[in-house]
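Novice: Provided herewith: work_33.txt, compact mmCIF, C-alpha atoms.
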```txt
# COMPACT_ATOMS: atom_id res chain seq x y z
CA MET X 1 58.17 58.71 -118.50
CA ASN X 2 56.25 61.55 -116.82
CA LEU X 3 58.62 61.22 -113.89
CA PHE X 4 61.55 61.87 -116.26
CA TRP X 5 60.03 65.17 -117.45
CA ARG X 6 59.24 66.22 -113.89
CA ILE X 7 62.83 65.54 -112.85
CA LEU X 8 64.07 67.51 -115.83
CA ASP X 9 61.77 70.41 -114.81
CA LEU X 10 63.16 70.26 -111.28
CA VAL X 11 66.78 70.15 -112.41
CA ILE X 12 66.53 72.99 -114.93
CA GLY X 13 64.24 75.07 -112.68
CA GLY X 14 66.53 74.40 -109.72
CA VAL X 15 69.65 75.45 -111.64
CA PHE X 16 68.03 78.75 -112.61
CA ILE X 17 66.72 79.41 -109.09
CA VAL X 18 70.11 78.76 -107.47
CA ALA X 19 71.96 80.79 -110.11
CA GLY X 20 69.48 83.66 -109.76
CA VAL X 21 69.41 83.75 -105.96
CA ILE X 22 73.23 83.86 -105.71
CA LYS X 23 73.26 86.83 -108.07
CA ILE X 24 70.38 88.56 -106.29
CA ILE X 25 72.35 88.41 -103.04
CA HIS X 26 75.48 89.89 -104.69
CA PRO X 27 74.25 92.24 -107.45
CA LEU X 28 77.50 94.21 -107.61
CA HIS X 29 79.55 91.07 -108.10
CA PHE X 30 77.28 90.07 -110.98
CA ALA X 31 77.52 93.58 -112.43
CA TYR X 32 81.31 93.19 -112.53
CA ASP X 33 80.90 89.78 -114.19
CA ILE X 34 78.70 91.37 -116.88
CA SER X 35 81.26 94.14 -117.24
CA ASN X 36 83.97 91.52 -117.85
CA TYR X 37 82.18 90.43 -121.04
CA ASP X 38 82.84 93.93 -122.39
CA ALA X 39 79.57 93.74 -124.34
CA VAL X 40 77.49 96.55 -122.83
CA PRO X 41 78.35 99.83 -121.09
CA TRP X 42 78.57 99.68 -117.29
CA ALA X 43 75.40 101.75 -116.81
CA ILE X 44 73.39 99.12 -118.71
CA GLY X 45 75.25 96.13 -117.25
CA VAL X 46 74.63 97.20 -113.67
CA ARG X 47 70.90 97.52 -114.36
CA LEU X 48 70.86 94.11 -116.04
CA ALA X 49 72.57 92.74 -112.92
CA PHE X 50 69.43 93.62 -110.97
CA TYR X 51 66.97 92.44 -113.59
CA LEU X 52 68.30 89.17 -115.05
CA PRO X 53 68.59 87.21 -111.77
CA TRP X 54 64.92 87.88 -110.96
CA LEU X 55 63.93 86.73 -114.41
CA GLU X 56 65.94 83.54 -113.85
CA VAL X 57 64.32 82.88 -110.48
CA ILE X 58 60.77 83.58 -111.69
CA ALA X 59 61.23 81.34 -114.74
CA GLY X 60 62.79 78.59 -112.60
CA VAL X 61 60.01 78.67 -110.01
CA LEU X 62 57.25 78.65 -112.65
CA LEU X 63 58.93 75.75 -114.47
CA ILE X 64 58.90 73.69 -111.29
CA LEU X 65 55.33 74.72 -110.43
CA ARG X 66 54.26 74.13 -114.05
CA ARG X 67 52.51 77.49 -114.18
CA PHE X 68 53.03 79.68 -117.28
CA TYR X 69 55.05 76.66 -118.33
CA ALA X 70 55.49 77.56 -122.00
CA GLY X 71 56.48 81.13 -121.10
CA ALA X 72 58.97 79.95 -118.47
CA LEU X 73 60.56 77.58 -120.99
CA THR X 74 60.78 80.39 -123.56
CA VAL X 75 62.45 82.71 -121.05
CA ILE X 76 64.96 80.02 -120.06
CA LEU X 77 65.64 79.27 -123.71
CA GLY X 78 66.22 82.98 -124.41
CA LEU X 79 68.50 83.45 -121.40
CA THR X 80 70.53 80.36 -122.28
CA LEU X 81 70.99 81.53 -125.87
CA VAL X 82 72.11 84.95 -124.62
CA PHE X 83 74.61 83.33 -122.21
CA ILE X 84 76.00 81.10 -124.97
CA GLY X 85 76.25 84.01 -127.40
CA ALA X 86 77.97 86.23 -124.84
CA THR X 87 80.45 83.49 -123.89
CA ILE X 88 81.41 82.68 -127.47
CA SER X 89 81.63 86.35 -128.39
CA ALA X 90 83.88 87.08 -125.40
CA ARG X 91 86.10 84.14 -126.26
CA MET X 92 86.39 85.26 -129.89
CA ARG X 93 87.48 88.71 -128.69
CA GLY X 94 90.16 87.09 -126.51
CA ILE X 95 88.45 87.97 -123.24
CA ASP X 96 89.19 85.46 -120.49
CA ILE X 97 86.08 85.61 -118.33
CA SER X 98 84.69 84.24 -115.14
CA CYS X 99 81.21 83.24 -116.33
CA GLY X 100 79.52 84.59 -113.21
CA CYS X 101 76.75 82.01 -113.55
CA PHE X 102 76.87 81.01 -109.89
CA GLY X 103 78.66 83.94 -108.26
CA HIS X 104 82.05 83.11 -106.73
CA ALA X 105 81.30 79.37 -106.99
CA SER X 106 81.80 79.57 -110.75
CA ASP X 107 84.91 81.78 -110.73
CA ASN X 108 87.04 78.86 -111.89
CA LEU X 109 84.57 77.51 -114.42
CA GLY X 110 86.47 77.58 -117.69
CA PHE X 111 85.20 78.30 -121.17
CA ALA X 112 84.66 74.63 -122.10
CA TRP X 113 82.71 73.75 -118.95
CA HIS X 114 80.71 76.92 -119.28
CA LEU X 115 79.66 75.93 -122.81
CA VAL X 116 79.00 72.29 -121.88
CA MET X 117 76.69 73.44 -119.08
CA ASN X 118 74.82 75.92 -121.27
CA PHE X 119 74.43 73.50 -124.17
CA SER X 120 73.17 70.80 -121.77
CA ILE X 121 70.54 73.23 -120.54
CA LEU X 122 69.71 74.13 -124.14
CA VAL X 123 69.17 70.46 -125.07
CA ALA X 124 67.03 69.89 -121.96
CA VAL X 125 64.90 72.96 -122.77
CA PHE X 126 64.35 71.78 -126.35
CA LEU X 127 63.33 68.34 -125.06
CA LEU X 128 60.86 69.90 -122.63
CA MET X 129 59.47 72.17 -125.34
CA ARG X 130 59.04 69.24 -127.69
CA GLN X 131 57.35 67.23 -124.98
CA VAL X 132 54.91 69.99 -124.07
CA SER X 133 54.03 70.53 -127.75
CA ARG X 134 52.81 66.95 -128.10
CA PRO X 135 48.98 66.73 -127.97
CA ARG X 136 49.14 63.81 -125.50
CA ALA X 137 51.22 65.84 -123.08
CA LEU X 138 48.71 68.66 -123.12
CA ALA X 139 45.80 66.39 -122.26
CA MET D 1 52.84 76.87 -128.56
CA GLY D 2 54.63 79.75 -130.45
CA GLY D 3 52.60 82.94 -129.98
CA PHE D 4 51.12 81.73 -126.70
CA SER D 5 54.53 81.05 -125.14
CA LEU D 6 55.92 84.37 -126.39
CA ARG D 7 53.04 86.25 -124.77
CA GLN D 8 53.64 84.39 -121.52
CA ALA D 9 57.40 85.04 -121.75
CA LEU D 10 56.77 88.74 -122.29
CA LEU D 11 54.51 88.79 -119.24
CA LEU D 12 57.21 87.11 -117.13
CA ALA D 13 59.78 89.58 -118.46
CA LEU D 14 57.53 92.42 -117.31
CA ILE D 15 56.83 90.84 -113.91
CA ALA D 16 60.59 90.50 -113.26
CA PHE D 17 60.90 94.30 -113.34
CA VAL D 18 58.91 94.60 -110.10
CA PRO D 19 61.30 92.81 -107.69
CA ALA D 20 64.31 94.07 -109.69
CA ILE D 21 63.27 97.70 -109.18
CA GLY D 22 62.59 96.98 -105.52
CA GLU D 23 66.05 95.48 -105.05
CA ALA D 24 67.71 98.31 -106.98
CA PHE D 25 65.93 100.79 -104.68
CA TYR D 26 67.16 98.87 -101.64
CA PHE D 27 70.78 98.94 -102.90
CA ARG D 28 70.54 102.45 -104.41
CA ASN D 29 73.27 103.97 -102.22
CA GLN D 30 75.67 101.02 -102.42
CA ILE D 31 75.93 100.72 -106.19
CA PRO D 32 78.12 102.81 -108.52
CA TRP D 33 75.42 103.32 -111.16
CA ASN D 34 77.39 105.14 -113.85
CA SER D 35 80.91 103.76 -113.55
CA PRO D 36 82.41 100.63 -111.99
CA VAL D 37 84.93 102.84 -110.28
CA PRO D 38 83.93 105.63 -107.85
CA ALA D 39 84.79 109.08 -109.23
CA SER D 40 87.30 109.67 -106.41
CA GLU D 41 89.37 106.68 -107.59
CA LEU D 42 89.39 107.66 -111.26
CA VAL D 43 91.98 109.83 -112.95
CA LYS D 44 91.94 111.39 -116.41
CA VAL D 45 94.83 110.84 -118.82
CA GLU D 46 95.78 114.55 -118.82
CA THR D 47 95.85 114.74 -115.01
CA ALA D 48 97.89 111.54 -114.67
CA LYS D 49 100.40 112.81 -117.22
CA GLU D 50 100.74 116.11 -115.32
CA TRP D 51 101.88 114.11 -112.29
CA GLY D 52 105.06 113.34 -114.26
CA ALA D 53 107.68 111.39 -112.32
CA GLN D 54 105.37 111.30 -109.33
CA ALA D 55 103.15 108.81 -111.20
CA LEU D 56 103.87 105.10 -111.13
CA TRP D 57 102.16 103.58 -114.16
CA ILE D 58 100.81 100.03 -113.91
CA ASP D 59 99.67 98.10 -116.98
CA ALA D 60 97.04 95.55 -115.89
CA ARG D 61 96.58 93.96 -119.31
CA PRO D 62 97.77 90.41 -120.11
CA ASP D 63 101.50 89.89 -120.81
CA ASP D 64 101.11 89.53 -124.58
CA GLN D 65 99.29 92.86 -124.86
CA PHE D 66 101.89 94.53 -122.65
CA ALA D 67 104.62 93.12 -124.90
CA ARG D 68 102.93 94.57 -127.99
CA GLY D 69 103.02 98.05 -126.52
CA HIS D 70 102.65 99.93 -123.26
CA TYR D 71 102.99 103.40 -121.78
CA ALA D 72 106.54 104.58 -121.24
CA ASN D 73 108.02 103.20 -117.99
CA ALA D 74 104.79 101.37 -117.14
CA LEU D 75 105.21 98.18 -115.12
CA SER D 76 103.22 95.08 -115.93
CA LEU D 77 101.03 93.76 -113.11
CA ASN D 78 98.21 91.33 -113.87
CA GLU D 79 96.32 88.57 -112.11
CA ASP D 80 98.32 85.83 -113.87
CA HIS D 81 101.69 86.83 -112.43
CA TRP D 82 100.64 88.88 -109.43
CA ASP D 83 103.21 87.56 -106.97
CA THR D 84 106.27 87.92 -109.20
CA GLN D 85 105.28 91.24 -110.78
CA LEU D 86 104.24 92.84 -107.49
CA THR D 87 107.86 92.73 -106.36
CA ASN D 88 108.84 95.02 -109.26
CA VAL D 89 106.03 97.41 -108.39
CA LEU D 90 106.99 97.58 -104.72
CA THR D 91 110.60 98.19 -105.66
CA ALA D 92 109.60 101.16 -107.84
CA TRP D 93 107.07 102.48 -105.34
CA SER D 94 107.74 105.20 -102.75
CA GLU D 95 105.49 107.17 -100.36
CA GLU D 96 105.07 110.20 -102.62
CA LYS D 97 104.12 108.15 -105.71
CA LYS D 98 100.66 108.12 -107.17
CA ILE D 99 99.83 104.78 -108.75
CA VAL D 100 97.93 104.88 -112.06
CA VAL D 101 96.49 101.54 -113.18
CA TYR D 102 95.16 101.02 -116.68
CA CYS D 103 93.73 98.18 -118.78
CA SER D 104 92.53 98.10 -122.39
CA THR D 105 89.42 100.24 -122.64
CA GLN D 106 86.90 102.29 -120.71
CA SER D 107 84.78 99.23 -120.01
CA CYS D 108 87.49 96.74 -119.01
CA SER D 109 87.49 95.88 -115.33
CA THR D 110 91.00 94.51 -114.80
CA SER D 111 92.43 97.88 -113.79
CA ARG D 112 89.74 98.23 -111.11
CA GLN D 113 90.52 94.74 -109.79
CA ILE D 114 94.27 95.32 -109.75
CA ALA D 115 93.81 98.72 -108.07
CA GLU D 116 91.63 97.07 -105.43
CA ARG D 117 94.25 94.39 -104.76
CA LEU D 118 96.99 97.01 -104.48
CA ARG D 119 94.94 98.86 -101.86
CA LYS D 120 93.81 95.85 -99.88
CA GLN D 121 96.61 93.31 -100.23
CA ALA D 122 99.65 95.51 -100.72
CA ASN D 123 98.27 98.28 -98.43
CA LEU D 124 99.19 101.00 -100.93
CA LYS D 125 97.54 104.40 -100.93
CA ASN D 126 96.94 106.87 -103.77
CA VAL D 127 95.96 104.15 -106.23
CA PHE D 128 93.95 105.44 -109.20
CA VAL D 129 92.28 103.84 -112.20
CA LEU D 130 92.94 105.52 -115.54
CA GLU D 131 89.77 106.66 -117.28
CA GLY D 132 89.57 105.19 -120.78
CA GLY D 133 92.54 102.85 -120.27
CA TRP D 134 95.19 102.11 -122.89
CA GLU D 135 92.81 103.24 -125.66
CA ALA D 136 92.62 106.74 -124.15
CA LEU D 137 96.38 106.82 -123.58
CA GLN D 138 97.03 106.01 -127.24
CA ALA D 139 94.51 108.62 -128.35
CA SER D 140 96.21 111.26 -126.19
CA GLU D 141 99.59 110.42 -127.74
CA LYS D 142 98.19 111.07 -131.22
CA LYS D 143 96.96 114.57 -130.32
```
Go ahead and express the file in the form of structure tokens.

Specialist:
Amino acid sequence: MNLFWRILDLVIGGVFIVAGVIKIIHPLHFAYDISNYDAVPWAIGVRLAFYLPWLEVIAGVLLILRRFYAGALTVILGLTLVFIGATISARMRGIDISCGCFGHASDNLGFAWHLVMNFSILVAVFLLMRQVSRPRALA
Amino acid sequence: MGGFSLRQALLLALIAFVPAIGEAFYFRNQIPWNSPVPASELVKVETAKEWGAQALWIDARPDDQFARGHYANALSLNEDHWDTQLTNVLTAWSEEKKIVVYCSTQSCSTSRQIAERLRKQANLKNVFVLEGGWEALQASEKK
């Protein structure tokens, strides 16, 4: 069973590392993606475009390395909730967005797939949090 | 796990500032920090209106929004029907025209994207993005 949790760490950590690195390489492209959500002014969005990808990468790496594990899971949980909230809010306001999760690779990722991916990550994070909270897992 | 994980998360959130600031410093001259459109490519509503017949107005919003209302004589040109609508734009365009592209609001990015495509794919010059978009146009009409 331990192998299952390790694989889940690797998958979730890997997803966040890849997503973060793509955005780090193209910060302006990610800034435009944030701008498409029409949720924050450009001046804030462009600064978030530099900050969020690094947070994703750091959390992903620490999840895989199992260092600051609880903190990394909390960050990933927070980011995922923000992404889900932003997506639903944009949809409700009639904004047809490219999610920007993986740079150009996700340009054609529609609303449904975007949500399925984020909710899958959310479920995985909850499972990992539950597992790490168990006394046996801490031993 | 609660308080402990929150403290760790806060620490990670702080650590992420370090490489982010470093990267922002590296890209400092390549990023439009205050507006998605460089100032030279922006035009104010009043200025664009002063251009009169010299201005070719392009509405970059989706078809349904265009149908609900648009600026007088504006042509619709959006990503969904680029190929078909571009023909209308090119027909109306002439060398002395200044193209003014607008979308819904100040923060929408469609007008920037359409303006970029007009410059790069249609090789048009004098393409401007309207500051404030349709919202600003409507506000100026009410004055």

Novice: Pick out the chain D residues within 7 Å of chain X. Count only C-alpha atoms. Give them as a PyMOL selection string.

Specialist: chain D and resi 1+5-6+8-9+13+16-17+19-20+24+31+33-36+107-109

Novice: Counting all atoms listed in the file, find the residues whose atoms lie at most 9 Å from (94.3, 91.5, -109.5) (file coordinates) and write them out as a list in words.

Specialist: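 Protein, DNA and RNA residues close to (94.3, 91.5, -109.5): Ala60, Leu77, Asn78, Glu79, Asp80, Trp82, Thr110, Ser111, Arg112, Gln113, Ile114, Ala115, Glu116, Arg117 and Leu118 of chain D.
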
Novice: Would you kindly return, as number ranges by chain, each protein, DNA or RNA residue with an atom no farther than 10 Å from any atom of segment 84-100 of chain D, considering all atoms listed in the file and excluding same-chain residues fewer than 2 positions away?

Specialist: D: 41-45, 48-49, 51-59, 74-82, 102, 111, 115, 118, 122, 124-131

Novice: Please, could you write that set of residues out with C-alpha atoms as an mmCIF file, keeping the file's coordinate frame?

Specialist:
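Everything below was put into result.cif:
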```cif
data_model
loop_
_atom_site.group_PDB
_atom_site.id
_atom_site.type_symbol
_atom_site.label_atom_id
_atom_site.label_comp_id
_atom_site.auth_asym_id
_atom_site.auth_seq_id
_atom_site.Cartn_x
_atom_site.Cartn_y
_atom_site.Cartn_z
ATOM 1 C CA GLU D 41 89.370 106.680 -107.590
ATOM 2 C CA LEU D 42 89.390 107.660 -111.260
ATOM 3 C CA VAL D 43 91.980 109.830 -112.950
ATOM 4 C CA LYS D 44 91.940 111.390 -116.410
ATOM 5 C CA VAL D 45 94.830 110.840 -118.820
ATOM 6 C CA ALA D 48 97.890 111.540 -114.670
ATOM 7 C CA LYS D 49 100.400 112.810 -117.220
ATOM 8 C CA TRP D 51 101.880 114.110 -112.290
ATOM 9 C CA GLY D 52 105.060 113.340 -114.260
ATOM 10 C CA ALA D 53 107.680 111.390 -112.320
ATOM 11 C CA GLN D 54 105.370 111.300 -109.330
ATOM 12 C CA ALA D 55 103.150 108.810 -111.200
ATOM 13 C CA LEU D 56 103.870 105.100 -111.130
ATOM 14 C CA TRP D 57 102.160 103.580 -114.160
ATOM 15 C CA ILE D 58 100.810 100.030 -113.910
ATOM 16 C CA ASP D 59 99.670 98.100 -116.980
ATOM 17 C CA ALA D 74 104.790 101.370 -117.140
ATOM 18 C CA LEU D 75 105.210 98.180 -115.120
ATOM 19 C CA SER D 76 103.220 95.080 -115.930
ATOM 20 C CA LEU D 77 101.030 93.760 -113.110
ATOM 21 C CA ASN D 78 98.210 91.330 -113.870
ATOM 22 C CA GLU D 79 96.320 88.570 -112.110
ATOM 23 C CA ASP D 80 98.320 85.830 -113.870
ATOM 24 C CA HIS D 81 101.690 86.830 -112.430
ATOM 25 C CA TRP D 82 100.640 88.880 -109.430
ATOM 26 C CA TYR D 102 95.160 101.020 -116.680
ATOM 27 C CA SER D 111 92.430 97.880 -113.790
ATOM 28 C CA ALA D 115 93.810 98.720 -108.070
ATOM 29 C CA LEU D 118 96.990 97.010 -104.480
ATOM 30 C CA ALA D 122 99.650 95.510 -100.720
ATOM 31 C CA LEU D 124 99.190 101.000 -100.930
ATOM 32 C CA LYS D 125 97.540 104.400 -100.930
ATOM 33 C CA ASN D 126 96.940 106.870 -103.770
ATOM 34 C CA VAL D 127 95.960 104.150 -106.230
ATOM 35 C CA PHE D 128 93.950 105.440 -109.200
ATOM 36 C CA VAL D 129 92.280 103.840 -112.200
ATOM 37 C CA LEU D 130 92.940 105.520 -115.540
ATOM 38 C CA GLU D 131 89.770 106.660 -117.280
#
```

Novice: Rounded to one decimal, what separation in Å do you get between atom CA of Arg119 of chain D and atom CA of Tyr71 of chain D?

Specialist: 22.0 Å

Novice: Record the distance separating atom CA of Gly14 of chain X and atom CA of Gly60 of chain X, expressed in Å with one decimal.

Specialist: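 Pair atom CA of Gly14 of chain X / atom CA of Gly60 of chain X returns 6.3 Å.
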
Novice: When you look at Ile12 of chain X with a cut-off of 12 Å (counting all atoms listed in the file), what residues show up, excluding the ones that are within fewer than 5 positions of it in the same chain? I need them as a ChimeraX atom specification.

Specialist: /X:5-7,17-19,56-57,59-64,72-73,76-77,80,117-118,120-128
